file final.txt (compact mmCIF, N, CA and C atoms and all ligand atoms)
# COMPACT_ATOMS: atom_id res chain seq x y z
N MET A 1 -16.59 -9.39 37.16
CA MET A 1 -15.85 -10.55 37.64
C MET A 1 -14.35 -10.32 37.49
N ASP A 2 -13.62 -10.82 38.42
CA ASP A 2 -12.17 -10.68 38.38
C ASP A 2 -11.54 -12.03 38.06
N PHE A 3 -10.68 -12.02 37.09
CA PHE A 3 -9.96 -13.25 36.73
C PHE A 3 -8.48 -13.04 36.93
N GLU A 4 -7.83 -14.02 37.50
CA GLU A 4 -6.37 -13.94 37.59
C GLU A 4 -5.78 -14.43 36.28
N LYS A 5 -4.95 -13.60 35.67
CA LYS A 5 -4.39 -13.96 34.36
C LYS A 5 -3.47 -15.16 34.47
N PRO A 6 -3.58 -16.08 33.54
CA PRO A 6 -2.63 -17.19 33.55
C PRO A 6 -1.24 -16.67 33.17
N LEU A 7 -0.23 -17.21 33.80
CA LEU A 7 1.15 -16.81 33.52
C LEU A 7 1.93 -18.01 33.02
N PRO A 8 3.02 -17.74 32.31
CA PRO A 8 3.82 -18.87 31.82
C PRO A 8 4.36 -19.70 32.98
N VAL A 9 4.38 -20.99 32.79
CA VAL A 9 4.98 -21.91 33.75
C VAL A 9 6.20 -22.52 33.07
N ALA A 10 7.38 -22.21 33.60
CA ALA A 10 8.62 -22.71 32.98
C ALA A 10 8.71 -24.22 33.13
N THR A 11 9.16 -24.85 32.08
CA THR A 11 9.47 -26.28 32.14
C THR A 11 10.99 -26.41 32.21
N ALA A 12 11.48 -27.62 32.41
CA ALA A 12 12.93 -27.82 32.45
C ALA A 12 13.56 -27.32 31.15
N THR A 13 12.86 -27.50 30.03
CA THR A 13 13.39 -27.09 28.73
C THR A 13 13.32 -25.59 28.52
N SER A 14 12.25 -24.95 28.98
CA SER A 14 12.07 -23.52 28.70
C SER A 14 12.60 -22.60 29.79
N LYS A 15 13.05 -23.17 30.91
CA LYS A 15 13.46 -22.35 32.05
C LYS A 15 14.50 -21.28 31.70
N PRO A 16 15.54 -21.58 30.92
CA PRO A 16 16.53 -20.53 30.60
C PRO A 16 15.91 -19.34 29.86
N PHE A 17 14.92 -19.59 29.01
CA PHE A 17 14.25 -18.50 28.29
C PHE A 17 13.57 -17.56 29.28
N TRP A 18 12.79 -18.13 30.20
CA TRP A 18 12.03 -17.31 31.15
C TRP A 18 12.96 -16.62 32.15
N GLU A 19 14.03 -17.30 32.58
CA GLU A 19 14.97 -16.68 33.52
C GLU A 19 15.69 -15.51 32.87
N ALA A 20 16.05 -15.65 31.59
CA ALA A 20 16.71 -14.54 30.88
C ALA A 20 15.79 -13.32 30.83
N LEU A 21 14.51 -13.55 30.59
CA LEU A 21 13.57 -12.42 30.52
C LEU A 21 13.53 -11.64 31.83
N THR A 22 13.62 -12.35 32.97
CA THR A 22 13.59 -11.62 34.25
C THR A 22 14.82 -10.73 34.39
N ARG A 23 15.92 -11.04 33.67
CA ARG A 23 17.11 -10.17 33.65
C ARG A 23 17.04 -9.16 32.49
N HIS A 24 15.89 -9.12 31.81
CA HIS A 24 15.67 -8.25 30.65
C HIS A 24 16.64 -8.57 29.53
N GLU A 25 16.82 -9.86 29.32
CA GLU A 25 17.61 -10.37 28.19
C GLU A 25 16.73 -11.35 27.42
N VAL A 26 16.99 -11.45 26.11
CA VAL A 26 16.32 -12.47 25.31
C VAL A 26 17.36 -13.52 24.96
N GLN A 27 17.06 -14.76 25.29
CA GLN A 27 17.93 -15.88 24.92
C GLN A 27 17.09 -16.91 24.19
N ILE A 28 17.63 -17.40 23.09
CA ILE A 28 17.00 -18.53 22.40
C ILE A 28 18.08 -19.58 22.15
N GLN A 29 17.67 -20.73 21.69
CA GLN A 29 18.63 -21.81 21.48
C GLN A 29 19.22 -21.75 20.08
N GLN A 30 20.48 -22.21 20.00
CA GLN A 30 21.12 -22.41 18.70
C GLN A 30 21.73 -23.81 18.70
N CYS A 31 21.57 -24.49 17.58
CA CYS A 31 22.09 -25.84 17.45
C CYS A 31 23.61 -25.78 17.26
N ALA A 32 24.34 -26.53 18.09
CA ALA A 32 25.80 -26.54 17.99
C ALA A 32 26.28 -27.33 16.78
N ASP A 33 25.41 -28.16 16.21
CA ASP A 33 25.81 -28.97 15.06
C ASP A 33 25.51 -28.28 13.73
N CYS A 34 24.32 -27.71 13.57
CA CYS A 34 23.97 -27.11 12.27
C CYS A 34 23.75 -25.60 12.34
N GLN A 35 23.93 -25.01 13.54
CA GLN A 35 23.84 -23.55 13.75
C GLN A 35 22.43 -22.99 13.56
N ALA A 36 21.42 -23.83 13.42
CA ALA A 36 20.04 -23.32 13.30
C ALA A 36 19.63 -22.61 14.58
N TRP A 37 18.94 -21.47 14.42
CA TRP A 37 18.34 -20.78 15.56
C TRP A 37 16.99 -21.41 15.82
N ILE A 38 16.64 -21.59 17.10
CA ILE A 38 15.45 -22.36 17.45
C ILE A 38 14.58 -21.60 18.45
N TYR A 39 13.34 -21.46 18.13
CA TYR A 39 12.32 -20.98 19.06
C TYR A 39 11.02 -21.62 18.62
N TYR A 40 10.27 -22.20 19.52
CA TYR A 40 10.29 -22.25 20.97
C TYR A 40 11.35 -23.22 21.50
N PRO A 41 11.60 -23.15 22.82
CA PRO A 41 12.62 -24.02 23.42
C PRO A 41 12.30 -25.50 23.24
N ARG A 42 13.32 -26.26 22.86
CA ARG A 42 13.14 -27.69 22.61
C ARG A 42 14.33 -28.49 23.15
N ALA A 43 14.18 -29.79 23.14
CA ALA A 43 15.24 -30.69 23.59
C ALA A 43 16.11 -31.13 22.41
N PHE A 44 15.55 -31.06 21.20
CA PHE A 44 16.28 -31.50 20.00
C PHE A 44 16.12 -30.48 18.90
N CYS A 45 17.15 -30.35 18.07
CA CYS A 45 17.10 -29.43 16.93
C CYS A 45 16.05 -29.90 15.92
N PRO A 46 15.12 -29.01 15.52
CA PRO A 46 14.10 -29.42 14.55
C PRO A 46 14.66 -29.60 13.14
N GLU A 47 15.88 -29.09 12.90
CA GLU A 47 16.48 -29.21 11.57
C GLU A 47 17.26 -30.51 11.41
N CYS A 48 18.09 -30.86 12.44
CA CYS A 48 18.99 -32.01 12.28
C CYS A 48 18.86 -33.02 13.42
N LEU A 49 17.94 -32.77 14.36
CA LEU A 49 17.65 -33.67 15.48
C LEU A 49 18.78 -33.78 16.49
N SER A 50 19.77 -32.90 16.41
CA SER A 50 20.86 -32.92 17.39
C SER A 50 20.32 -32.52 18.76
N PRO A 51 20.84 -33.16 19.83
CA PRO A 51 20.48 -32.71 21.18
C PRO A 51 21.40 -31.61 21.69
N LYS A 52 22.40 -31.20 20.87
CA LYS A 52 23.39 -30.21 21.32
C LYS A 52 22.89 -28.79 21.06
N LEU A 53 21.98 -28.34 21.91
CA LEU A 53 21.41 -27.00 21.78
C LEU A 53 22.02 -26.09 22.84
N GLU A 54 22.43 -24.90 22.42
CA GLU A 54 23.06 -23.95 23.34
C GLU A 54 22.20 -22.70 23.43
N TRP A 55 22.13 -22.14 24.64
CA TRP A 55 21.39 -20.90 24.84
C TRP A 55 22.28 -19.73 24.49
N LYS A 56 21.78 -18.84 23.63
CA LYS A 56 22.56 -17.68 23.20
C LYS A 56 21.73 -16.41 23.42
N GLN A 57 22.40 -15.36 23.88
CA GLN A 57 21.72 -14.09 24.04
C GLN A 57 21.61 -13.40 22.68
N ILE A 58 20.43 -12.89 22.39
CA ILE A 58 20.20 -12.15 21.15
C ILE A 58 19.58 -10.80 21.52
N SER A 59 19.47 -9.90 20.53
CA SER A 59 18.88 -8.58 20.83
C SER A 59 17.38 -8.69 21.07
N GLY A 60 16.77 -9.71 20.48
CA GLY A 60 15.32 -9.83 20.56
C GLY A 60 14.60 -9.00 19.51
N LYS A 61 15.38 -8.22 18.74
CA LYS A 61 14.76 -7.37 17.72
C LYS A 61 14.34 -8.19 16.51
N GLY A 62 13.37 -7.64 15.78
CA GLY A 62 12.90 -8.33 14.59
C GLY A 62 11.95 -7.47 13.81
N THR A 63 11.20 -8.10 12.92
CA THR A 63 10.22 -7.38 12.11
C THR A 63 8.84 -8.00 12.32
N LEU A 64 7.82 -7.17 12.09
CA LEU A 64 6.45 -7.64 12.23
C LEU A 64 6.10 -8.53 11.03
N TYR A 65 5.84 -9.78 11.30
CA TYR A 65 5.51 -10.74 10.25
C TYR A 65 4.01 -10.76 9.98
N SER A 66 3.22 -10.69 11.04
CA SER A 66 1.76 -10.70 10.91
C SER A 66 1.14 -10.16 12.18
N PHE A 67 -0.11 -9.73 12.10
CA PHE A 67 -0.77 -9.25 13.31
C PHE A 67 -2.28 -9.34 13.17
N THR A 68 -2.95 -9.28 14.31
CA THR A 68 -4.40 -9.13 14.33
C THR A 68 -4.76 -8.26 15.52
N ILE A 69 -5.88 -7.59 15.41
CA ILE A 69 -6.34 -6.75 16.51
C ILE A 69 -7.57 -7.41 17.10
N ALA A 70 -7.45 -7.90 18.32
CA ALA A 70 -8.57 -8.57 18.98
C ALA A 70 -9.41 -7.51 19.69
N ARG A 71 -10.60 -7.26 19.14
CA ARG A 71 -11.46 -6.24 19.75
C ARG A 71 -12.38 -6.84 20.80
N ARG A 72 -12.54 -8.14 20.76
CA ARG A 72 -13.23 -8.86 21.83
C ARG A 72 -12.18 -9.70 22.53
N PRO A 73 -12.30 -9.86 23.84
CA PRO A 73 -11.29 -10.65 24.55
C PRO A 73 -11.25 -12.08 24.01
N THR A 74 -10.04 -12.59 23.83
CA THR A 74 -9.90 -13.97 23.37
C THR A 74 -10.14 -14.95 24.52
N ALA A 75 -10.12 -14.45 25.75
CA ALA A 75 -10.50 -15.21 26.94
C ALA A 75 -10.80 -14.16 28.01
N PRO A 76 -11.55 -14.52 29.05
CA PRO A 76 -11.92 -13.52 30.08
C PRO A 76 -10.71 -12.82 30.70
N PHE A 77 -9.58 -13.52 30.74
CA PHE A 77 -8.39 -12.96 31.40
C PHE A 77 -7.91 -11.67 30.75
N TRP A 78 -8.21 -11.50 29.46
CA TRP A 78 -7.68 -10.35 28.73
C TRP A 78 -8.76 -9.30 28.43
N ALA A 79 -9.86 -9.37 29.18
CA ALA A 79 -10.95 -8.41 28.94
C ALA A 79 -10.48 -6.97 29.15
N ASP A 80 -9.50 -6.77 30.04
CA ASP A 80 -9.03 -5.41 30.32
C ASP A 80 -7.93 -4.97 29.34
N GLU A 81 -7.60 -5.81 28.37
CA GLU A 81 -6.51 -5.47 27.44
C GLU A 81 -6.98 -5.19 26.02
N VAL A 82 -8.29 -5.26 25.76
CA VAL A 82 -8.74 -5.02 24.40
C VAL A 82 -8.74 -3.53 24.10
N PRO A 83 -8.48 -3.11 22.86
CA PRO A 83 -8.08 -3.99 21.77
C PRO A 83 -6.67 -4.53 22.00
N GLN A 84 -6.54 -5.85 21.86
CA GLN A 84 -5.25 -6.50 22.08
C GLN A 84 -4.55 -6.66 20.73
N LEU A 85 -3.32 -6.17 20.66
CA LEU A 85 -2.56 -6.16 19.41
C LEU A 85 -1.67 -7.41 19.40
N ILE A 86 -2.17 -8.46 18.78
CA ILE A 86 -1.49 -9.75 18.78
C ILE A 86 -0.62 -9.83 17.53
N VAL A 87 0.65 -10.13 17.74
CA VAL A 87 1.60 -10.08 16.63
C VAL A 87 2.43 -11.36 16.53
N VAL A 88 2.89 -11.63 15.31
CA VAL A 88 3.93 -12.63 15.09
C VAL A 88 5.17 -11.85 14.70
N VAL A 89 6.22 -11.99 15.50
CA VAL A 89 7.48 -11.29 15.28
C VAL A 89 8.46 -12.26 14.64
N GLU A 90 9.08 -11.82 13.54
CA GLU A 90 10.17 -12.61 12.98
C GLU A 90 11.47 -12.05 13.51
N LEU A 91 12.11 -12.83 14.39
CA LEU A 91 13.38 -12.39 14.98
C LEU A 91 14.43 -12.23 13.88
N ASP A 92 15.41 -11.37 14.11
CA ASP A 92 16.47 -11.17 13.12
C ASP A 92 17.22 -12.47 12.84
N GLU A 93 17.20 -13.40 13.81
CA GLU A 93 17.86 -14.70 13.62
C GLU A 93 17.00 -15.67 12.81
N GLY A 94 15.71 -15.33 12.61
CA GLY A 94 14.86 -16.16 11.77
C GLY A 94 13.61 -16.74 12.42
N PRO A 95 13.72 -17.29 13.64
CA PRO A 95 12.51 -17.87 14.23
C PRO A 95 11.42 -16.83 14.47
N ARG A 96 10.18 -17.27 14.48
CA ARG A 96 9.04 -16.39 14.72
C ARG A 96 8.43 -16.71 16.07
N LEU A 97 7.96 -15.67 16.75
CA LEU A 97 7.28 -15.87 18.02
C LEU A 97 6.03 -15.01 18.09
N THR A 98 5.09 -15.45 18.89
CA THR A 98 3.84 -14.72 19.09
C THR A 98 3.97 -13.84 20.32
N SER A 99 3.46 -12.61 20.21
CA SER A 99 3.58 -11.67 21.31
C SER A 99 2.44 -10.65 21.20
N THR A 100 2.56 -9.58 21.97
CA THR A 100 1.61 -8.48 21.85
C THR A 100 2.39 -7.18 21.73
N LEU A 101 1.80 -6.24 21.01
CA LEU A 101 2.43 -4.92 20.82
C LEU A 101 1.96 -3.99 21.92
N CYS A 102 2.82 -3.06 22.32
CA CYS A 102 2.43 -2.00 23.22
C CYS A 102 3.08 -0.70 22.74
N ASN A 103 2.59 0.43 23.24
CA ASN A 103 3.13 1.75 22.91
C ASN A 103 3.06 2.04 21.40
N VAL A 104 2.09 1.45 20.71
CA VAL A 104 1.94 1.66 19.27
C VAL A 104 0.46 1.96 18.99
N GLU A 105 0.22 2.98 18.17
CA GLU A 105 -1.15 3.28 17.74
C GLU A 105 -1.56 2.27 16.67
N GLU A 106 -2.82 1.83 16.74
CA GLU A 106 -3.31 0.83 15.77
C GLU A 106 -3.00 1.21 14.32
N GLY A 107 -3.22 2.48 13.99
CA GLY A 107 -3.05 2.94 12.61
C GLY A 107 -1.61 2.94 12.15
N ASP A 108 -0.68 2.82 13.09
CA ASP A 108 0.75 2.85 12.74
C ASP A 108 1.33 1.45 12.54
N ILE A 109 0.50 0.43 12.73
CA ILE A 109 1.01 -0.94 12.62
C ILE A 109 1.14 -1.31 11.14
N ARG A 110 2.31 -1.79 10.77
CA ARG A 110 2.58 -2.20 9.39
C ARG A 110 3.36 -3.51 9.38
N VAL A 111 2.95 -4.45 8.56
CA VAL A 111 3.75 -5.64 8.36
C VAL A 111 5.13 -5.20 7.88
N GLY A 112 6.18 -5.77 8.45
CA GLY A 112 7.54 -5.42 8.06
C GLY A 112 8.17 -4.35 8.93
N MET A 113 7.38 -3.71 9.81
CA MET A 113 7.95 -2.67 10.67
C MET A 113 8.95 -3.28 11.66
N ARG A 114 9.96 -2.48 12.01
CA ARG A 114 10.97 -2.94 12.96
C ARG A 114 10.40 -2.91 14.38
N LEU A 115 10.71 -3.96 15.13
CA LEU A 115 10.22 -4.09 16.50
C LEU A 115 11.36 -4.37 17.45
N GLN A 116 11.19 -3.91 18.69
CA GLN A 116 12.17 -4.21 19.73
C GLN A 116 11.44 -4.71 20.97
N PRO A 117 12.14 -5.48 21.80
CA PRO A 117 11.49 -6.07 22.97
C PRO A 117 11.09 -5.04 24.02
N VAL A 118 10.01 -5.34 24.71
CA VAL A 118 9.61 -4.63 25.93
C VAL A 118 9.53 -5.71 27.01
N PHE A 119 10.26 -5.51 28.10
CA PHE A 119 10.28 -6.50 29.16
C PHE A 119 9.22 -6.12 30.20
N ASP A 120 8.14 -6.86 30.20
CA ASP A 120 6.96 -6.54 31.02
C ASP A 120 7.02 -7.37 32.31
N ASP A 121 7.58 -6.76 33.36
CA ASP A 121 7.66 -7.45 34.65
C ASP A 121 6.27 -7.51 35.27
N VAL A 122 5.79 -8.71 35.53
CA VAL A 122 4.46 -8.87 36.11
C VAL A 122 4.55 -8.55 37.60
N SER A 123 3.78 -7.55 38.05
CA SER A 123 3.93 -7.09 39.44
C SER A 123 3.56 -8.20 40.42
N GLY A 124 4.41 -8.35 41.41
CA GLY A 124 4.17 -9.33 42.46
C GLY A 124 4.52 -10.76 42.09
N LYS A 125 4.98 -10.96 40.84
CA LYS A 125 5.34 -12.31 40.40
C LYS A 125 6.76 -12.29 39.87
N ASP A 126 7.41 -13.41 39.90
CA ASP A 126 8.77 -13.51 39.39
C ASP A 126 8.75 -13.92 37.92
N VAL A 127 7.92 -13.19 37.16
CA VAL A 127 7.73 -13.52 35.75
C VAL A 127 7.84 -12.23 34.93
N THR A 128 8.54 -12.32 33.82
CA THR A 128 8.61 -11.20 32.88
C THR A 128 8.10 -11.68 31.54
N LEU A 129 7.17 -10.90 30.97
CA LEU A 129 6.62 -11.25 29.66
C LEU A 129 7.37 -10.50 28.58
N LEU A 130 7.54 -11.12 27.44
CA LEU A 130 8.22 -10.51 26.31
C LEU A 130 7.17 -9.90 25.39
N ARG A 131 7.11 -8.57 25.40
CA ARG A 131 6.20 -7.86 24.51
C ARG A 131 7.05 -7.05 23.54
N TYR A 132 6.39 -6.33 22.65
CA TYR A 132 7.13 -5.60 21.61
C TYR A 132 6.60 -4.20 21.40
N GLU A 133 7.47 -3.32 20.92
CA GLU A 133 7.10 -1.97 20.50
C GLU A 133 7.92 -1.60 19.28
N ALA A 134 7.54 -0.49 18.63
CA ALA A 134 8.28 -0.04 17.46
C ALA A 134 9.71 0.31 17.85
N GLU A 135 10.66 -0.04 16.97
CA GLU A 135 12.07 0.27 17.25
C GLU A 135 12.32 1.75 17.02
ZN ZN B 1 20.75 -28.73 14.13

call {"tool": "encode", "arguments": {"input": "final.txt", "output": "structure tokens", "more": "lines below"}}
Ligand SMILES: [Zn+2]
result
Amino acid sequence: MDFEKPLPVATATSKPFWEALTRHEVQIQQCADCQAWIYYPRAFCPECLSPKLEWKQISGKGTLYSFTIARRPTAPFWADEVPQLIVVVELDEGPRLTSTLCNVEEGDIRVGMRLQPVFDDVSGKDVTLLRYEAE
């Protein structure tokens, strides 16, 4: 059976994040009042509730905070991607995001390892996924 993979759908709040990825840039929000870095995209700062959030370009680099190896597909859409290396990346700015690792052997994965972004342009779609590989 063939399944079409679900892709991110940008909302008014998250649109700058997804548009930056298509330019192979990582942008996240920073609060203009308390300087907190924020991910995922929001309308209000989770630290001080300010609505003054600004989009800032960052390197996207970080460290591996946690991971799991999915040997069975977590949904039919990812049956062709197992084993899927699902990771939580702690960005150098502090926020954590969920992603997948590529170009890394399973045995080389270590919590705390340095990671850098991989911009995965989805063929035929105007969408770029943020994945990670060893720095
Ligand atoms: Zn704030």

call {"tool": "closest_residue", "arguments": {"input": "final.txt", "among": "A:Thr128, A:Gln30, A:Ser123, A:Thr22", "to": "ligand ZN 1 (chain B)", "atoms": "all atoms listed in the file"}}
result
A:Gln30

call {"tool": "residues_near_ligand", "arguments": {"input": "final.txt", "ligand": "ligand ZN 1 (chain B)", "cutoff": "7 Å", "atoms": "all atoms listed in the file", "output": "PyMOL selection string"}}
result
chain A and resi 30-36+44-50

call {"tool": "write_last_selection", "arguments": {"input": "final.txt", "atoms": "N, CA and C atoms", "output": "short mmCIF file (atom, residue, chain, number, x, y, z; two decimals), keeping the file's coordinate frame"}}
result
data_model
loop_
_atom_site.label_atom_id
_atom_site.label_comp_id
_atom_site.auth_asym_id
_atom_site.auth_seq_id
_atom_site.Cartn_x
_atom_site.Cartn_y
_atom_site.Cartn_z
N GLN A 30 20.48 -22.21 20.00
CA GLN A 30 21.12 -22.41 18.70
C GLN A 30 21.73 -23.81 18.70
N CYS A 31 21.57 -24.49 17.58
CA CYS A 31 22.09 -25.84 17.45
C CYS A 31 23.61 -25.78 17.26
N ALA A 32 24.34 -26.53 18.09
CA ALA A 32 25.80 -26.54 17.99
C ALA A 32 26.28 -27.33 16.78
N ASP A 33 25.41 -28.16 16.21
CA ASP A 33 25.81 -28.97 15.06
C ASP A 33 25.51 -28.28 13.73
N CYS A 34 24.32 -27.71 13.57
CA CYS A 34 23.97 -27.11 12.27
C CYS A 34 23.75 -25.60 12.34
N GLN A 35 23.93 -25.01 13.54
CA GLN A 35 23.84 -23.55 13.75
C GLN A 35 22.43 -22.99 13.56
N ALA A 36 21.42 -23.83 13.42
CA ALA A 36 20.04 -23.32 13.30
C ALA A 36 19.63 -22.61 14.58
N PHE A 44 15.55 -31.06 21.20
CA PHE A 44 16.28 -31.50 20.00
C PHE A 44 16.12 -30.48 18.90
N CYS A 45 17.15 -30.35 18.07
CA CYS A 45 17.10 -29.43 16.93
C CYS A 45 16.05 -29.90 15.92
N PRO A 46 15.12 -29.01 15.52
CA PRO A 46 14.10 -29.42 14.55
C PRO A 46 14.66 -29.60 13.14
N GLU A 47 15.88 -29.09 12.90
CA GLU A 47 16.48 -29.21 11.57
C GLU A 47 17.26 -30.51 11.41
N CYS A 48 18.09 -30.86 12.44
CA CYS A 48 18.99 -32.01 12.28
C CYS A 48 18.86 -33.02 13.42
N LEU A 49 17.94 -32.77 14.36
CA LEU A 49 17.65 -33.67 15.48
C LEU A 49 18.78 -33.78 16.49
N SER A 50 19.77 -32.90 16.41
CA SER A 50 20.86 -32.92 17.39
C SER A 50 20.32 -32.52 18.76
#

call {"tool": "residues_around", "arguments": {"input": "final.txt", "residues": "Lys56 (chain A)", "least_positions_apart": "6", "cutoff": "7 Å", "atoms": "all atoms listed in the file", "output": "JSON, numbers by chain"}}
result
{"A": [26, 27, 28, 29, 30]}

call {"tool": "residues_around", "arguments": {"input": "final.txt", "residues": "Ser66 (chain A)", "least_positions_apart": "5", "cutoff": "6.5 Å", "atoms": "all atoms listed in the file", "output": "list in words"}}
result
Ile86, Val87, Val88, Val89, Glu90, Val111 and Gly112 of chain A

call {"tool": "closest_atom_pairs", "arguments": {"input": "final.txt", "of": "region 56-81 of chain A", "to": "region 6-15 of chain A", "cutoff": "12 Å", "atoms": "only C-alpha atoms", "output": "JSON lines"}}
result
{"residue": "A:Ala75", "atom": "CA", "partner": "A:Pro6", "partner_atom": "CA", "distance": 10.5}
{"residue": "A:Pro76", "atom": "CA", "partner": "A:Pro6", "partner_atom": "CA", "distance": 10.6}
{"residue": "A:Phe77", "atom": "CA", "partner": "A:Pro6", "partner_atom": "CA", "distance": 7.5}
{"residue": "A:Trp78", "atom": "CA", "partner": "A:Pro6", "partner_atom": "CA", "distance": 9.8}

call {"tool": "decode", "arguments": {"input": "final.txt", "residues": "region 56-69 of chain A", "atoms": "N, CA, C and O atoms", "output": "PDB file, in the first residue's frame"}}
result
ATOM      1  N   LYS A  56      14.183  35.455  14.930  1.00  0.00           N
ATOM      2  CA  LYS A  56      15.629  35.640  14.831  1.00  0.00           C
ATOM      3  C   LYS A  56      16.245  34.418  14.147  1.00  0.00           C
ATOM      4  O   LYS A  56      15.863  33.277  14.431  1.00  0.00           O
ATOM      5  N   GLN A  57      17.217  34.678  13.284  1.00  0.00           N
ATOM      6  CA  GLN A  57      17.928  33.577  12.647  1.00  0.00           C
ATOM      7  C   GLN A  57      18.968  33.018  13.613  1.00  0.00           C
ATOM      8  O   GLN A  57      19.704  33.782  14.247  1.00  0.00           O
ATOM      9  N   ILE A  58      18.999  31.705  13.720  1.00  0.00           N
ATOM     10  CA  ILE A  58      19.990  31.025  14.560  1.00  0.00           C
ATOM     11  C   ILE A  58      20.708  29.984  13.699  1.00  0.00           C
ATOM     12  O   ILE A  58      20.276  29.702  12.580  1.00  0.00           O
ATOM     13  N   SER A  59      21.776  29.391  14.244  1.00  0.00           N
ATOM     14  CA  SER A  59      22.507  28.379  13.462  1.00  0.00           C
ATOM     15  C   SER A  59      21.700  27.094  13.333  1.00  0.00           C
ATOM     16  O   SER A  59      21.886  26.329  12.392  1.00  0.00           O
ATOM     17  N   GLY A  60      20.821  26.854  14.303  1.00  0.00           N
ATOM     18  CA  GLY A  60      20.082  25.597  14.324  1.00  0.00           C
ATOM     19  C   GLY A  60      20.870  24.473  14.970  1.00  0.00           C
ATOM     20  O   GLY A  60      20.360  23.366  15.142  1.00  0.00           O
ATOM     21  N   LYS A  61      22.129  24.760  15.341  1.00  0.00           N
ATOM     22  CA  LYS A  61      22.961  23.716  15.946  1.00  0.00           C
ATOM     23  C   LYS A  61      22.565  23.487  17.398  1.00  0.00           C
ATOM     24  O   LYS A  61      22.020  24.374  18.064  1.00  0.00           O
ATOM     25  N   GLY A  62      22.889  22.285  17.876  1.00  0.00           N
ATOM     26  CA  GLY A  62      22.574  21.964  19.261  1.00  0.00           C
ATOM     27  C   GLY A  62      23.184  20.650  19.659  1.00  0.00           C
ATOM     28  O   GLY A  62      24.094  20.132  18.994  1.00  0.00           O
ATOM     29  N   THR A  63      22.680  20.093  20.752  1.00  0.00           N
ATOM     30  CA  THR A  63      23.173  18.812  21.232  1.00  0.00           C
ATOM     31  C   THR A  63      22.013  17.830  21.338  1.00  0.00           C
ATOM     32  O   THR A  63      20.854  18.224  21.493  1.00  0.00           O
ATOM     33  N   LEU A  64      22.357  16.545  21.248  1.00  0.00           N
ATOM     34  CA  LEU A  64      21.336  15.507  21.349  1.00  0.00           C
ATOM     35  C   LEU A  64      20.913  15.367  22.813  1.00  0.00           C
ATOM     36  O   LEU A  64      21.722  15.010  23.670  1.00  0.00           O
ATOM     37  N   TYR A  65      19.665  15.659  23.079  1.00  0.00           N
ATOM     38  CA  TYR A  65      19.136  15.595  24.442  1.00  0.00           C
ATOM     39  C   TYR A  65      18.597  14.200  24.743  1.00  0.00           C
ATOM     40  O   TYR A  65      18.785  13.676  25.846  1.00  0.00           O
ATOM     41  N   SER A  66      17.917  13.602  23.768  1.00  0.00           N
ATOM     42  CA  SER A  66      17.354  12.267  23.947  1.00  0.00           C
ATOM     43  C   SER A  66      17.055  11.665  22.578  1.00  0.00           C
ATOM     44  O   SER A  66      16.966  12.398  21.587  1.00  0.00           O
ATOM     45  N   PHE A  67      16.922  10.353  22.526  1.00  0.00           N
ATOM     46  CA  PHE A  67      16.583   9.732  21.242  1.00  0.00           C
ATOM     47  C   PHE A  67      15.926   8.380  21.462  1.00  0.00           C
ATOM     48  O   PHE A  67      16.003   7.806  22.554  1.00  0.00           O
ATOM     49  N   THR A  68      15.267   7.911  20.415  1.00  0.00           N
ATOM     50  CA  THR A  68      14.778   6.540  20.384  1.00  0.00           C
ATOM     51  C   THR A  68      14.896   6.041  18.957  1.00  0.00           C
ATOM     52  O   THR A  68      14.919   6.840  18.016  1.00  0.00           O
ATOM     53  N   ILE A  69      15.022   4.745  18.822  1.00  0.00           N
ATOM     54  CA  ILE A  69      15.111   4.148  17.496  1.00  0.00           C
ATOM     55  C   ILE A  69      13.824   3.372  17.259  1.00  0.00           C
ATOM     56  O   ILE A  69      13.573   2.363  17.931  1.00  0.00           O
TER      57      ILE A  69
END
